[in-house]
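Colleague: File structure26.txt follows (compact mmCIF, C-alpha atoms):
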```
# COMPACT_ATOMS: atom_id res chain seq x y z
CA MET W 8 91.65 95.39 80.03
CA ARG W 9 95.16 95.01 81.43
CA ALA W 10 95.51 93.46 84.87
CA LEU W 11 98.32 92.11 87.01
CA ARG W 12 97.04 88.86 88.48
CA LEU W 13 98.57 86.63 91.14
CA GLU W 14 98.24 83.07 89.79
CA ALA W 15 100.32 81.39 92.48
CA PHE W 16 102.84 82.50 95.09
CA ASN W 17 105.69 84.44 93.41
CA GLU W 18 103.81 84.37 90.10
CA LEU W 19 102.36 87.75 89.04
CA ASN W 20 101.34 87.90 85.37
CA LEU W 21 100.38 90.93 83.30
CA LEU W 22 97.33 89.79 81.32
CA GLU W 23 94.50 90.94 79.09
CA VAL W 24 91.32 89.98 80.96
CA ASP W 25 87.62 90.65 80.55
CA LEU W 26 86.19 93.87 81.92
CA PRO W 27 84.57 93.15 85.31
CA VAL W 28 80.79 93.12 85.40
CA ALA W 29 79.14 95.40 87.95
CA GLU W 30 76.35 93.54 89.72
CA GLN W 31 73.16 95.24 90.93
CA ASP W 32 74.71 96.79 94.05
CA ASP W 33 78.12 97.43 92.48
CA ILE W 34 79.73 100.21 90.50
CA LEU W 35 82.37 99.98 87.76
CA LEU W 36 85.32 102.30 88.34
CA LYS W 37 88.31 103.24 86.22
CA VAL W 38 91.35 102.75 88.43
CA SER W 39 93.63 105.77 88.47
CA HIS W 40 96.11 104.97 91.25
CA CYS W 41 96.73 102.01 93.54
CA ALA W 42 99.24 102.17 96.39
CA LEU W 43 101.32 99.13 97.33
CA CYS W 44 101.78 97.94 100.89
CA ARG W 45 103.67 95.27 102.77
CA THR W 46 100.54 93.10 102.91
CA ASP W 47 100.50 93.00 99.09
CA ALA W 48 104.17 92.02 99.12
CA LYS W 49 103.60 89.24 101.68
CA MET W 50 100.63 87.87 99.72
CA PHE W 51 102.79 87.86 96.59
CA ARG W 52 105.51 85.92 98.40
CA GLN W 53 103.65 83.58 100.76
CA GLY W 54 99.87 84.16 100.70
CA GLN W 55 97.58 85.29 103.50
CA ARG W 56 94.70 83.91 105.57
CA ASP W 57 91.95 85.56 103.49
CA LEU W 58 93.60 85.35 100.06
CA VAL W 59 91.78 83.31 97.39
CA LEU W 60 93.81 82.57 94.21
CA PRO W 61 93.95 83.51 91.42
CA ARG W 62 93.50 87.12 92.45
CA ILE W 63 94.13 90.67 91.28
CA LEU W 64 95.71 92.29 94.34
CA GLY W 65 95.55 95.91 95.47
CA HIS W 66 93.35 97.41 98.18
CA GLU W 67 94.56 101.03 98.44
CA VAL W 68 92.69 102.40 95.43
CA PHE W 69 91.66 105.73 93.93
CA GLY W 70 89.44 105.71 90.85
CA PHE W 71 86.57 107.46 89.12
CA ASN W 72 83.25 106.85 87.42
CA GLU W 73 83.84 107.41 83.70
CA GLN W 74 80.18 108.29 83.12
CA THR W 75 79.82 110.93 85.83
CA GLY W 76 83.43 111.93 86.53
CA GLU W 77 82.93 111.34 90.25
CA ARG W 78 86.18 110.59 92.12
CA PHE W 79 86.39 107.96 94.84
CA VAL W 80 88.66 106.08 97.19
CA ILE W 81 87.44 102.66 98.19
CA TRP W 82 86.85 101.24 101.62
CA PRO W 83 88.15 97.76 100.76
CA GLY W 84 85.61 95.81 102.79
CA GLU W 85 82.19 94.57 101.81
CA ALA W 86 80.22 93.94 104.99
CA CYS W 87 76.81 92.29 105.34
CA GLY W 88 75.21 95.42 106.79
CA VAL W 89 72.75 93.54 109.01
CA CYS W 90 74.78 91.78 111.71
CA GLU W 91 75.19 93.19 115.22
CA GLU W 92 78.66 94.63 114.50
CA CYS W 93 77.54 96.30 111.27
CA LEU W 94 74.51 97.84 112.97
CA LYS W 95 76.81 99.24 115.69
CA GLY W 96 79.01 100.90 113.04
CA HIS W 97 81.80 98.34 113.50
CA GLU W 98 81.59 96.96 109.98
CA ASN W 99 85.32 96.14 109.99
CA LEU W 100 84.44 93.33 112.45
CA CYS W 101 81.69 91.81 110.29
CA SER W 102 82.08 88.02 110.24
CA GLN W 103 80.85 87.92 106.61
CA MET W 104 83.45 90.45 105.43
CA ARG W 105 84.74 90.19 101.87
CA ILE W 106 87.86 92.23 101.20
CA MET W 107 88.95 93.75 97.89
CA GLY W 108 92.27 92.30 96.79
CA PHE W 109 91.73 89.26 99.05
CA HIS W 110 88.28 87.74 98.39
CA ARG W 111 87.48 89.77 95.28
CA ASP W 112 89.69 91.42 92.66
CA GLY W 113 91.47 94.64 93.53
CA GLY W 114 93.23 97.63 92.04
CA PHE W 115 96.16 96.18 90.07
CA ALA W 116 93.94 96.51 86.99
CA GLU W 117 92.52 99.18 84.70
CA TYR W 118 88.97 98.69 86.01
CA LEU W 119 87.33 97.13 89.02
CA SER W 120 83.84 96.51 90.28
CA VAL W 121 83.12 97.46 93.89
CA SER W 122 80.11 97.71 96.14
CA LYS W 123 78.39 101.09 95.98
CA SER W 124 78.50 101.14 99.77
CA SER W 125 82.31 101.07 99.69
CA VAL W 126 83.03 104.23 97.69
CA ILE W 127 84.09 107.42 99.49
CA PRO W 128 83.98 110.74 97.56
CA VAL W 129 87.26 112.60 97.03
CA PRO W 130 87.53 116.40 96.61
CA GLU W 131 88.73 117.69 93.24
CA ASN W 132 91.92 119.24 94.61
CA LEU W 133 93.28 116.03 96.20
CA PRO W 134 95.62 114.25 93.71
CA GLY W 135 94.99 110.58 93.06
CA HIS W 136 98.49 109.44 94.10
CA LEU W 137 97.80 110.88 97.58
CA ALA W 138 94.10 110.01 97.80
CA CYS W 139 94.86 106.28 97.55
CA LEU W 140 96.66 106.51 100.92
CA ALA W 141 93.27 106.95 102.61
CA GLU W 142 93.00 103.25 103.43
CA PRO W 143 96.23 102.94 105.48
CA LEU W 144 95.59 106.30 107.15
CA ALA W 145 92.06 105.18 108.05
CA SER W 146 93.42 102.05 109.75
CA THR W 147 95.64 104.24 111.96
CA LEU W 148 92.66 106.41 112.89
CA ASN W 149 90.87 103.26 114.04
CA ALA W 150 93.89 102.24 116.12
CA LEU W 151 94.08 105.62 117.85
CA GLU W 152 90.35 105.48 118.50
CA GLN W 153 90.64 102.02 120.08
CA ALA W 154 93.50 103.31 122.26
CA ARG W 155 91.37 106.35 123.20
CA VAL W 156 94.08 108.85 122.29
CA GLU W 157 93.26 112.34 123.51
CA LYS W 158 94.65 115.84 123.13
CA ASN W 159 98.01 116.50 124.85
CA GLU W 160 98.76 112.80 125.28
CA ARG W 161 102.11 111.28 124.30
CA ILE W 162 102.14 108.36 121.88
CA LEU W 163 105.09 106.10 121.07
CA ILE W 164 104.94 104.39 117.67
CA TYR W 165 107.26 101.46 116.94
CA GLY W 166 107.79 101.30 113.18
CA GLY W 167 108.70 104.21 110.90
CA GLY W 168 107.32 102.77 107.69
CA PRO W 169 104.49 104.50 105.79
CA VAL W 170 101.75 103.28 108.16
CA GLY W 171 103.64 104.21 111.32
CA LEU W 172 104.35 107.65 109.87
CA LEU W 173 100.72 108.12 108.83
CA MET W 174 99.78 107.18 112.39
CA SER W 175 102.05 109.92 113.70
CA LEU W 176 100.24 112.40 111.44
CA ALA W 177 96.88 111.12 112.70
CA ALA W 178 98.04 111.48 116.32
CA GLN W 179 99.22 115.04 115.71
CA SER W 180 95.84 115.87 114.14
CA LEU W 181 94.21 114.82 117.42
CA GLY W 182 96.46 117.18 119.38
CA ALA W 183 98.69 114.39 120.69
CA THR W 184 102.50 114.31 120.48
CA ALA W 185 104.01 111.40 118.55
CA PHE W 186 107.48 109.85 118.80
CA VAL W 187 108.49 107.30 116.13
CA VAL W 188 111.03 104.50 116.68
CA GLU W 189 112.54 103.11 113.47
CA LYS W 190 115.58 100.86 113.78
CA ASN W 191 116.38 100.88 110.04
CA PRO W 192 118.67 103.92 109.42
CA PRO W 193 117.96 104.23 105.65
CA LYS W 194 114.21 104.24 106.25
CA LEU W 195 114.58 106.73 109.10
CA ARG W 196 116.54 109.06 106.80
CA LYS W 197 113.90 108.75 104.08
CA SER W 198 111.21 109.88 106.51
CA GLU W 199 113.11 113.01 107.57
CA LYS W 200 111.23 115.45 105.30
CA PHE W 201 107.88 114.07 106.39
CA ARG W 202 108.73 114.19 110.08
CA SER W 203 110.29 117.65 109.87
CA SER W 204 107.20 119.05 108.16
CA LEU W 205 105.09 117.95 111.14
CA ALA W 206 107.70 118.37 113.91
CA ILE W 207 107.60 114.66 114.70
CA GLU W 208 110.60 113.27 116.54
CA GLY W 209 112.09 109.97 115.38
CA SER W 210 115.05 107.81 116.38
CA PRO W 211 116.38 104.22 116.24
CA GLU W 212 115.53 103.94 119.95
CA CYS W 213 113.62 105.79 122.62
CA ARG W 214 114.92 106.31 126.14
CA LEU W 215 111.85 108.24 127.25
CA LYS W 216 109.13 106.64 129.37
CA ASP W 217 105.67 107.37 130.74
CA PHE W 218 103.87 107.42 127.39
CA ASP W 219 100.10 107.44 127.44
CA VAL W 220 99.87 105.08 124.46
CA VAL W 221 102.31 102.70 122.73
CA VAL W 222 101.51 101.22 119.31
CA ASN W 223 103.29 98.48 117.37
CA ALA W 224 103.32 99.43 113.68
CA ALA W 225 105.91 96.66 113.19
CA PRO W 226 105.56 92.88 113.76
CA SER W 227 108.39 92.06 116.18
CA LEU W 228 107.26 90.50 119.48
CA SER W 229 110.15 92.28 121.23
CA ILE W 230 108.22 95.52 120.73
CA PHE W 231 105.56 94.23 123.11
CA HIS W 232 108.17 93.52 125.78
CA GLU W 233 109.83 96.91 125.41
CA GLY W 234 106.70 98.93 124.76
CA MET W 235 104.91 97.82 127.91
CA SER W 236 107.80 99.19 129.96
CA LYS W 237 107.41 102.58 128.27
CA LEU W 238 103.83 103.11 129.43
CA ARG W 239 102.75 105.26 132.35
CA SER W 240 100.48 103.62 134.89
CA GLY W 241 97.01 103.41 133.36
CA GLY W 242 98.43 103.65 129.84
CA CYS W 243 97.42 101.61 126.80
CA PHE W 244 99.32 99.30 124.44
CA CYS W 245 97.58 99.08 121.06
CA LEU W 246 98.14 95.89 119.07
CA PHE W 247 98.06 97.30 115.54
CA SER W 248 100.39 95.03 113.59
CA GLY W 249 100.12 91.26 113.94
CA PHE W 250 103.20 89.56 115.39
CA THR W 251 105.12 87.14 113.20
CA GLY W 252 106.82 83.86 114.05
CA GLU W 253 106.72 82.03 117.35
CA GLY W 254 107.51 83.53 120.70
CA THR W 255 106.65 83.80 124.39
CA PHE W 256 106.46 86.58 126.93
CA PRO W 257 107.04 86.42 130.67
CA VAL W 258 104.24 86.29 133.23
CA SER W 259 105.75 89.44 134.73
CA ILE W 260 104.20 91.44 131.86
CA LEU W 261 100.74 90.23 132.89
CA ASN W 262 101.54 91.26 136.44
CA GLU W 263 102.53 94.71 135.18
CA ILE W 264 99.13 95.00 133.50
CA HIS W 265 97.53 94.05 136.81
CA TYR W 266 99.53 96.22 139.21
CA ARG W 267 99.76 99.32 137.00
CA GLN W 268 96.25 99.01 135.51
CA LEU W 269 97.54 98.99 131.96
CA ARG W 270 95.18 98.46 129.04
CA LEU W 271 95.52 96.38 125.88
CA ALA W 272 93.58 97.38 122.78
CA GLY W 273 93.33 95.57 119.47
CA ALA W 274 92.88 97.38 116.16
CA TYR W 275 91.97 95.79 112.83
CA GLY W 276 91.30 97.63 109.58
CA SER W 277 88.91 100.56 109.49
CA THR W 278 85.32 101.59 108.89
CA ARG W 279 83.83 103.85 106.22
CA ARG W 280 83.71 106.60 108.84
CA HIS W 281 87.48 106.35 109.30
CA MET W 282 87.97 106.45 105.51
CA GLU W 283 85.93 109.66 105.25
CA LYS W 284 88.04 111.29 107.95
CA ALA W 285 91.24 110.05 106.30
CA VAL W 286 90.30 111.78 103.02
CA LEU W 287 89.84 115.07 104.90
CA LEU W 288 93.25 114.71 106.60
CA LEU W 289 95.03 113.86 103.35
CA ASN W 290 93.54 116.95 101.77
CA LEU W 291 94.66 119.07 104.71
CA PHE W 292 98.22 117.67 104.86
CA GLN W 293 98.95 117.17 101.15
CA GLU W 294 102.52 118.49 101.24
CA SER W 295 103.58 116.35 104.19
CA VAL W 296 101.94 113.20 102.81
CA SER W 297 103.65 113.71 99.43
CA TYR W 298 107.01 113.06 101.14
CA LEU W 299 105.89 109.47 101.83
CA VAL W 300 105.52 108.61 98.15
CA GLU W 301 108.91 107.30 97.12
CA GLU W 302 107.99 106.67 93.49
CA VAL W 303 104.99 106.59 91.16
CA ILE W 304 105.37 103.49 88.97
CA GLU W 305 103.65 101.74 86.08
CA LEU W 306 101.54 98.59 86.32
CA ASP W 307 104.29 96.34 84.95
CA GLN W 308 106.78 97.64 87.55
CA ILE W 309 104.73 96.37 90.49
CA PRO W 310 106.52 92.99 90.89
CA LEU W 311 109.91 94.67 91.33
CA ALA W 312 108.40 97.22 93.70
CA LEU W 313 106.93 94.42 95.85
CA GLU W 314 110.38 92.87 96.11
CA ALA W 315 111.79 96.24 97.19
CA ILE W 316 109.07 96.60 99.84
CA LEU W 317 110.06 93.22 101.32
CA SER W 318 113.62 94.53 101.76
CA GLY W 319 112.30 96.86 104.46
CA ASP W 320 114.11 99.97 103.20
CA THR W 321 111.31 101.71 101.30
CA LEU W 322 108.47 104.11 101.97
CA LYS W 323 105.47 104.17 99.62
CA PHE W 324 105.17 103.05 95.99
CA VAL W 325 102.05 104.11 94.10
CA ALA W 326 101.11 102.56 90.75
CA LYS W 327 99.53 104.82 88.13
CA ILE W 328 97.27 102.44 86.25
```
Please go through the file and, once you have read it, give me the structure as structure tokens.

Modeller:
Amino acid sequence: MRALRLEAFNELNLLEVDLPVAEQDDILLKVSHCALCRTDAKMFRQGQRDLVLPRILGHEVFGFNEQTGERFVIWPGEACGVCEECLKGHENLCSQMRIMGFHRDGGFAEYLSVSKSSVIPVPENLPGHLACLAEPLASTLNALEQARVEKNERILIYGGGPVGLLMSLAAQSLGATAFVVEKNPPKLRKSEKFRSSLAIEGSPECRLKDFDVVVNAAPSLSIFHEGMSKLRSGGCFCLFSGFTGEGTFPVSILNEIHYRQLRLAGAYGSTRRHMEKAVLLLNLFQESVSYLVEEVIELDQIPLALEAILSGDTLKFVAKI
């Protein structure tokens, strides 16, 4: 089969490789579509904590069982299923987690083998190039759950890339009102159709205050400084994107947390339950979500698309395998 494999940093090769073997608890799927994200681009350029080389990247996958015709998206984790976190339904926090596209081969290939416990059924009327966005949407659902977002609350999202925009959709689906800050004018313009379809306000800056929840869907530490000042007393800052580089923050922010009873919530990945809900939302909001897909590309176009993603001006690329 054809596969695009990362041999070393900045070295993606299109190869003919053996068909993966499905072990006892696995299933072999034909990959139909695999979406690209900034994490893929960063792993291509500089690696990542959990990345083991050589590796076939790609963790936002839609595929099907050629024998039965069943259609699936894939929760990219493989948890142990028996630890305390797994038994509580927090399998994204399993210490034995193995992640598709990081620890085991992912979706930049014609076929892949995944754990049977990781496949989520997809309705017939949801196109594959939209279904594969279930994974990033699921991660935003987890973030909003950790922040305890409720109906009629106001949420400020820093970062108007695909994940920040999907988070705004998720917030709206909960009955909350979302405001998106995106400092990159080209990217903000590209999101106009999506935001208009859902009546989501967006701008390079936000002068409003007293939000119930603030989320960083971008890695700048300055967002933490600014975002904390935007919260109402008792509000919550959700750490969704990891911060990059080195930096410090003043003790006064800790005092603000103390005096105004602010909350901090972390959010990492998603669970199968979030993936199932994400599929339902994608099916419900197909037209809006389609505005996030900038281009459907071929397997051999992925390296150039990853470079474009690193520029910071793009929305979503989806590879048709």

Colleague: Taking into account all atoms listed in the file, which residue in the set W:Gly182, W:Gly171, W:Pro61, W:Pro143 is nearest to Lys158 of chain W?

Modeller: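 Looking at the shortest contact to Lys158 of chain W, the residue is W:Gly182.
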
Colleague: Rank W:Gly108, W:Pro211, W:Pro134, W:Gly84 by their smallest atom-to-atom distance to Gln293 of chain W, using all atoms listed in the file, and report the top residue only.

Modeller: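 Residue with the minimum atom-to-atom distance to Gln293 of chain W: W:Pro134.
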
Colleague: Find the residues around Met107 of chain W up to 12 Å (all atoms listed in the file counted), leave out those fewer than 5 positions away in its own chain, and share them as a PyMOL selection string.

Modeller: chain W and resi 47+57-59+62-68+81-86+112-115+119-122+125+142

Colleague: Expressed in Å to a single decimal, how great is the separation between atom CA of Arg214 of chain W and atom CA of Thr184 of chain W?

Modeller: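 Interatomic distance here is 15.8 Å.
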
Colleague: Nearest to Asn191 of chain W: which of W:Pro27, W:Pro169, W:Gly319, W:Gly249 is it, counting all atoms listed in the file?

Modeller: W:Gly319

Colleague: Nearest to Asp307 of chain W: which of W:Ile328, W:Leu287, W:Leu100, W:Ile164 is it, counting all atoms listed in the file?

Modeller: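 Among the listed residues, W:Ile328 lies closest to Asp307 of chain W.
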
Colleague: Determine the nearest neighbour of Glu117 of chain W from the options W:Thr46, W:Ser39, W:Gln103, W:Ser210, counting all atoms listed in the file.

Modeller: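 Going through W:Thr46, W:Ser39, W:Gln103, W:Ser210 one by one, the smallest distance to Glu117 of chain W is for W:Ser39.
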
Colleague: Would you mind telling me which residue in W:Phe292, W:Tyr165, W:Phe231, W:Phe51 lies nearest to Thr255 of chain W when using all atoms listed in the file?

Modeller: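 Of all the options, W:Phe231 lies closest to Thr255 of chain W.
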
Colleague: Step by step, gather every atom of segment 240-246 of chain W that the file lists, find the box along x, y and z that holds them, add 5 Å on each side, and finally give centre and edge lengths in Å to one decimal, as AutoDock Vina command-line options.

Modeller:
```
--center_x 98.7 --center_y 99.8 --center_z 127.0 --size_x 13.5 --size_y 17.8 --size_z 25.8
```
